[in-house]
Amino acid sequence: MDLVSSSPGGAGWGPSTVFCLQLIWKEVANTGIQELLEPLNLELKQPLEKHLLHPPSSQTFLFHIYGLILKECASEELVRRRVADLLELSHQSASQREGIAATIGIVSSSHLQAVWTVLEHLGRTRFLRTAFMSPDCQRPDPDGPWRWVGSTALLCYGQMALHAGERVLSWVDDIISRMVYCFSCSCYDNILKTSFLSAAVMLTKALKQGNRSQSYKFTQIPELIRCLLCVLQKEPNFLATLHRQKIILVIVGLSKLRPSLQPTVKSQILQTCTQSLFALPPLEKLKSCFPPLDPAPDVMVLYKKSMQALDLLLQNFISENKNMDEMCFLLQHTEPWLQSDKSHERKRVAQTISLLLKHAVDYGTLTVRGRTQHPRWRGAGGLREGRSKESPQGAPASVLDPPGPGSRFSQSVFTKRLGC
C-alpha cells in the first residue's frame, strides 16, 4: 500500500499509520519534527492517552514512522525534499542525531540514490561550511544547531550500509570514503568518536551479512582502519569504556576482507593495538586511576574483554596466513614488550604470546613457505631493501619492519623474558 502519494497533499494514508501518528503527535516535544509532518496534511485530532507513550520513546518512534512513510513514497523528488527537511533539524542531542540517521537508513532501503544525493549536498554545503569555519579545530558555538552535523552524517552512512542489503557492495567504497572524510574533517571529541565507531560497527555488520563480500575487492579498507587506529591512539591511559575492544573487533572483521592487508598496514595495527593495551597501568592502578563515574565501570571486565579482542586479532592474522613467516611477523611486534623494564607489561605480552602459540598448535599446522613471503625483504639472509649488510650486529630492528623469510624470533629474549 502506498503510504504517501506523489503530491505533498499526502492523500492515501493507511488507517493504522494515521492512528500511530495520532497517538504520538502531542507527546513529542520536538516541534521541528511536527513541522516536517504538517505539509503532509494529516488530520491528527484524536485525543491521546498519556499512559500509552512516554516522551523520550515517542520521539524515536516518530522518526521510525517517518522513515517508513518515506520508504513507501512513490516520488523520488518528494523523498529528496523531505529528507533534506529532516537534515535541517538540530544536530545537538544524541537522540536527534540517532533518530535522523535511523530515518535515513529506513528510507535508503527503497530510495538509496535519492538519499545519497541529499547527503552529498549536505556535505558540500552545511558540513563543508562548518568545517571551514573552524580550520584550527576549535570548538564551534555550543548553541549552534550544526555543531555535530559530521557525527549525524557518520551515523547516516552507517545506517545506509546496514539497510542496503545485497546492494551494499555497489556502494561500500563510496560509503567508506565519506565516513573517512567526515571523520577527518570534523573536530575530534567524544561525540564524533562514538558516532564514528557506531558507523564502523554498522558497516562491518552489513558486510558480514553479505554473501558476496569475500569475492569483492575493497579499495578503502586501509583508510578506514587508519581512522580506527587514530581513535585508538587517542584513548586515555585508563579503562572506562569498551571502546578499545570495539575498535579491535571492527579491525578483525575488516581484516578478513579482500584483498589481504599489506604488511605495513598490519604493522601499524599491531603496533597501535599492543601499545594501547600493554602500556596500560598495572591492574591495581587501573581500578583507581579513572575519573569519577556513575556508575563506576568494572575495570576487570573491561580489561579482560579488551585483551581478548587483541588475542582474537592475532589469532585471526595467523588463521588467515598459516605459515612460519606470519608467526615470526607477529612475534616480532611483541619483542619490544618482552624487553620492557616494567614487569606488568612483560607478563601481559607473555600471556598473549602463549595464547597465540596455543591457538596455532590447536587449530592448524604452520607451513614453511618460500623466501619471498614479504615483498619488502629480499636475499637469502632476509635483508630488508635499503638496509646495509654492514649494520651492527644486534642492532634493534624497527617494529614496522617485517621479519625476513626464515628469520627467527629472538630466542634469547623469548626464553629470558617469558619466565618473568
# chains A, B, ... in the order shown; residues from 1 in each chain; ligands from 1
call {"tool": "residues_around", "arguments": {"residues": "range 273-284 of chain A", "least_positions_apart": "2", "cutoff": "10 Å", "atoms": "only C-alpha atoms", "output": "mmCIF file with C-alpha atoms, in the first residue's frame"}}
result
data_model
loop_
_atom_site.group_PDB
_atom_site.id
_atom_site.type_symbol
_atom_site.label_atom_id
_atom_site.label_comp_id
_atom_site.auth_asym_id
_atom_site.auth_seq_id
_atom_site.Cartn_x
_atom_site.Cartn_y
_atom_site.Cartn_z
ATOM 1 C CA LEU A 229 43.796 3.390 14.803
ATOM 2 C CA LEU A 232 42.653 4.036 19.483
ATOM 3 C CA GLN A 233 45.757 6.206 19.861
ATOM 4 C CA LYS A 234 43.654 8.955 21.441
ATOM 5 C CA GLU A 235 42.145 6.702 24.085
ATOM 6 C CA PRO A 236 43.104 7.735 27.639
ATOM 7 C CA ASN A 237 45.521 5.647 29.668
ATOM 8 C CA PHE A 238 42.731 4.072 31.705
ATOM 9 C CA LEU A 239 39.714 1.848 31.074
ATOM 10 C CA ARG A 244 39.272 -0.427 22.772
ATOM 11 C CA GLN A 245 37.506 -3.756 22.376
ATOM 12 C CA ILE A 247 37.825 -0.829 17.690
ATOM 13 C CA ILE A 248 39.898 -4.008 17.647
ATOM 14 C CA SER A 267 52.339 -3.460 11.326
ATOM 15 C CA GLN A 268 50.501 -0.244 12.118
ATOM 16 C CA ILE A 269 47.609 -2.277 13.523
ATOM 17 C CA LEU A 270 49.840 -4.452 15.687
ATOM 18 C CA GLN A 271 51.954 -1.577 16.922
ATOM 19 C CA LEU A 286 43.691 0.709 36.707
ATOM 20 C CA LYS A 287 40.991 0.256 39.331
ATOM 21 C CA SER A 288 41.608 3.707 40.759
ATOM 22 C CA CYS A 289 43.079 5.906 38.017
ATOM 23 C CA VAL A 299 37.650 -2.382 35.217
ATOM 24 C CA MET A 300 38.424 -6.089 35.378
ATOM 25 C CA TYR A 303 40.398 -5.229 30.751
ATOM 26 C CA SER A 306 39.915 -5.737 25.614
ATOM 27 C CA MET A 307 42.734 -8.268 25.942
ATOM 28 C CA ALA A 309 39.950 -8.746 21.440
ATOM 29 C CA LEU A 310 43.712 -8.369 20.976
ATOM 30 C CA LEU A 313 43.201 -10.166 16.307
ATOM 31 C CA HIS A 333 55.873 -6.939 17.198
ATOM 32 C CA THR A 334 55.791 -8.386 20.714
ATOM 33 C CA TRP A 337 57.428 -5.516 25.098
ATOM 34 C CA SER A 340 60.255 -3.758 28.809
ATOM 35 C CA LYS A 342 58.013 -2.965 33.612
ATOM 36 C CA SER A 343 57.079 -6.401 34.861
ATOM 37 C CA HIS A 344 53.322 -5.987 34.247
ATOM 38 C CA GLU A 345 53.986 -5.247 30.564
ATOM 39 C CA ARG A 346 56.223 -8.334 30.227
ATOM 40 C CA LYS A 347 53.565 -10.506 31.867
ATOM 41 C CA ARG A 348 50.871 -9.242 29.518
ATOM 42 C CA VAL A 349 52.846 -9.915 26.374
ATOM 43 C CA THR A 352 49.425 -13.050 24.705
#
call {"tool": "residues_around", "arguments": {"residues": "Phe317 in chain A", "least_positions_apart": "6", "cutoff": "9 Å", "atoms": "only C-alpha atoms", "output": "PyMOL selection string"}}
result
chain A and resi 252+255-256+266+326-327+330
call {"tool": "write_last_selection", "arguments": {"atoms": "N, CA, C and O atoms", "output": "PDB file, in the first residue's frame"}}
result
ATOM      1  N   VAL A 252      39.291  -6.576  13.241  1.00  0.00           N
ATOM      2  CA  VAL A 252      39.295  -8.022  12.964  1.00  0.00           C
ATOM      3  C   VAL A 252      38.345  -8.328  11.813  1.00  0.00           C
ATOM      4  O   VAL A 252      38.682  -9.070  10.879  1.00  0.00           O
ATOM      5  N   SER A 255      39.747  -6.994   8.511  1.00  0.00           N
ATOM      6  CA  SER A 255      40.955  -7.677   8.038  1.00  0.00           C
ATOM      7  C   SER A 255      40.639  -8.989   7.326  1.00  0.00           C
ATOM      8  O   SER A 255      41.502  -9.546   6.639  1.00  0.00           O
ATOM      9  N   LYS A 256      39.414  -9.492   7.487  1.00  0.00           N
ATOM     10  CA  LYS A 256      39.033 -10.735   6.819  1.00  0.00           C
ATOM     11  C   LYS A 256      38.610 -10.512   5.367  1.00  0.00           C
ATOM     12  O   LYS A 256      38.428 -11.476   4.621  1.00  0.00           O
ATOM     13  N   LYS A 266      49.314  -3.952   8.501  1.00  0.00           N
ATOM     14  CA  LYS A 266      49.256  -4.876   9.634  1.00  0.00           C
ATOM     15  C   LYS A 266      50.227  -4.452  10.726  1.00  0.00           C
ATOM     16  O   LYS A 266      49.930  -4.590  11.921  1.00  0.00           O
ATOM     17  N   GLU A 326      54.507 -15.726   8.890  1.00  0.00           N
ATOM     18  CA  GLU A 326      53.478 -14.902   9.536  1.00  0.00           C
ATOM     19  C   GLU A 326      53.628 -14.941  11.048  1.00  0.00           C
ATOM     20  O   GLU A 326      53.468 -13.912  11.721  1.00  0.00           O
ATOM     21  N   MET A 327      53.933 -16.103  11.599  1.00  0.00           N
ATOM     22  CA  MET A 327      54.136 -16.203  13.034  1.00  0.00           C
ATOM     23  C   MET A 327      55.307 -15.334  13.483  1.00  0.00           C
ATOM     24  O   MET A 327      55.229 -14.607  14.481  1.00  0.00           O
ATOM     25  N   LEU A 330      54.307 -11.698  13.467  1.00  0.00           N
ATOM     26  CA  LEU A 330      53.507 -11.305  14.627  1.00  0.00           C
ATOM     27  C   LEU A 330      54.360 -11.226  15.889  1.00  0.00           C
ATOM     28  O   LEU A 330      54.249 -10.275  16.676  1.00  0.00           O
TER      29      LEU A 330
END
call {"tool": "atom_distance", "arguments": {"atom1": "CA of Glu98 in chain A", "atom2": "CA of Phe183 in chain A"}}
result
16.7 Å
call {"tool": "residues_around", "arguments": {"residues": "Ser215 in chain A", "least_positions_apart": "3", "cutoff": "9 Å", "atoms": "only C-alpha atoms", "output": "VMD selection string"}}
result
chain A and resid 211 to 212 257 to 258
call {"tool": "residues_around", "arguments": {"residues": "Arg97 in chain A", "least_positions_apart": "5", "cutoff": "8 Å", "atoms": "only C-alpha atoms", "output": "PyMOL selection string"}}
result
chain A and resi 91-92+151-152+155
call {"tool": "write_last_selection", "arguments": {"atoms": "N, CA, C and O atoms", "output": "PDB file, in the first residue's frame"}}
result
ATOM      1  N   HIS A  91      21.279  19.217  15.316  1.00  0.00           N
ATOM      2  CA  HIS A  91      22.117  18.026  15.471  1.00  0.00           C
ATOM      3  C   HIS A  91      22.762  17.987  16.857  1.00  0.00           C
ATOM      4  O   HIS A  91      23.776  17.307  17.050  1.00  0.00           O
ATOM      5  N   GLN A  92      22.189  18.695  17.810  1.00  0.00           N
ATOM      6  CA  GLN A  92      22.832  18.824  19.111  1.00  0.00           C
ATOM      7  C   GLN A  92      22.638  17.613  20.013  1.00  0.00           C
ATOM      8  O   GLN A  92      23.581  17.175  20.664  1.00  0.00           O
ATOM      9  N   SER A 151      28.875  14.176  12.888  1.00  0.00           N
ATOM     10  CA  SER A 151      28.508  12.967  13.620  1.00  0.00           C
ATOM     11  C   SER A 151      27.207  12.382  13.089  1.00  0.00           C
ATOM     12  O   SER A 151      27.063  11.157  12.953  1.00  0.00           O
ATOM     13  N   THR A 152      26.245  13.253  12.778  1.00  0.00           N
ATOM     14  CA  THR A 152      24.993  12.775  12.195  1.00  0.00           C
ATOM     15  C   THR A 152      25.248  12.116  10.849  1.00  0.00           C
ATOM     16  O   THR A 152      24.688  11.054  10.548  1.00  0.00           O
ATOM     17  N   LEU A 155      26.604   8.597  11.235  1.00  0.00           N
ATOM     18  CA  LEU A 155      25.548   7.654  11.590  1.00  0.00           C
ATOM     19  C   LEU A 155      24.657   7.342  10.392  1.00  0.00           C
ATOM     20  O   LEU A 155      24.203   6.207  10.220  1.00  0.00           O
TER      21      LEU A 155
END
call {"tool": "atom_distance", "arguments": {"atom1": "CA of Thr219 in chain A", "atom2": "CA of Asp173 in chain A"}}
result
6.4 Å
call {"tool": "residues_around", "arguments": {"residues": "Leu254 in chain A", "least_positions_apart": "3", "cutoff": "8 Å", "atoms": "only C-alpha atoms", "output": "list in words"}}
result
Thr204, Ile221, Ile225, Val250, Ile251 and Leu257 of chain A
call {"tool": "select_by_dssp", "arguments": {"residues": "range 205-378 of chain A", "states": "helix (DSSP H, G or I)", "output": "PyMOL selection string"}}
result
chain A and resi 205-209+213-215+221-233+243-255+263-278+283-286+299-320+324-332+335-338+343-363
call {"tool": "residues_around", "arguments": {"residues": "Leu112 in chain A", "least_positions_apart": "2", "cutoff": "10 Å", "atoms": "only C-alpha atoms", "output": "number ranges by chain"}}
result
A: 71, 104-110, 114-117, 160-161, 163-164, 167, 171
call {"tool": "closest_residue", "arguments": {"among": "A:Leu314, A:Cys328, A:Leu242, A:Ile69", "to": "Leu356 in chain A", "atoms": "only C-alpha atoms"}}
result
A:Leu314
call {"tool": "atom_distance", "arguments": {"atom1": "CA of Thr103 in chain A", "atom2": "CA of Lys246 in chain A"}}
result
24.6 Å
call {"tool": "closest_residue", "arguments": {"among": "A:Ser93, A:Ser184, A:Leu357, A:Leu312", "to": "Leu331 in chain A", "atoms": "only C-alpha atoms"}}
result
A:Leu357
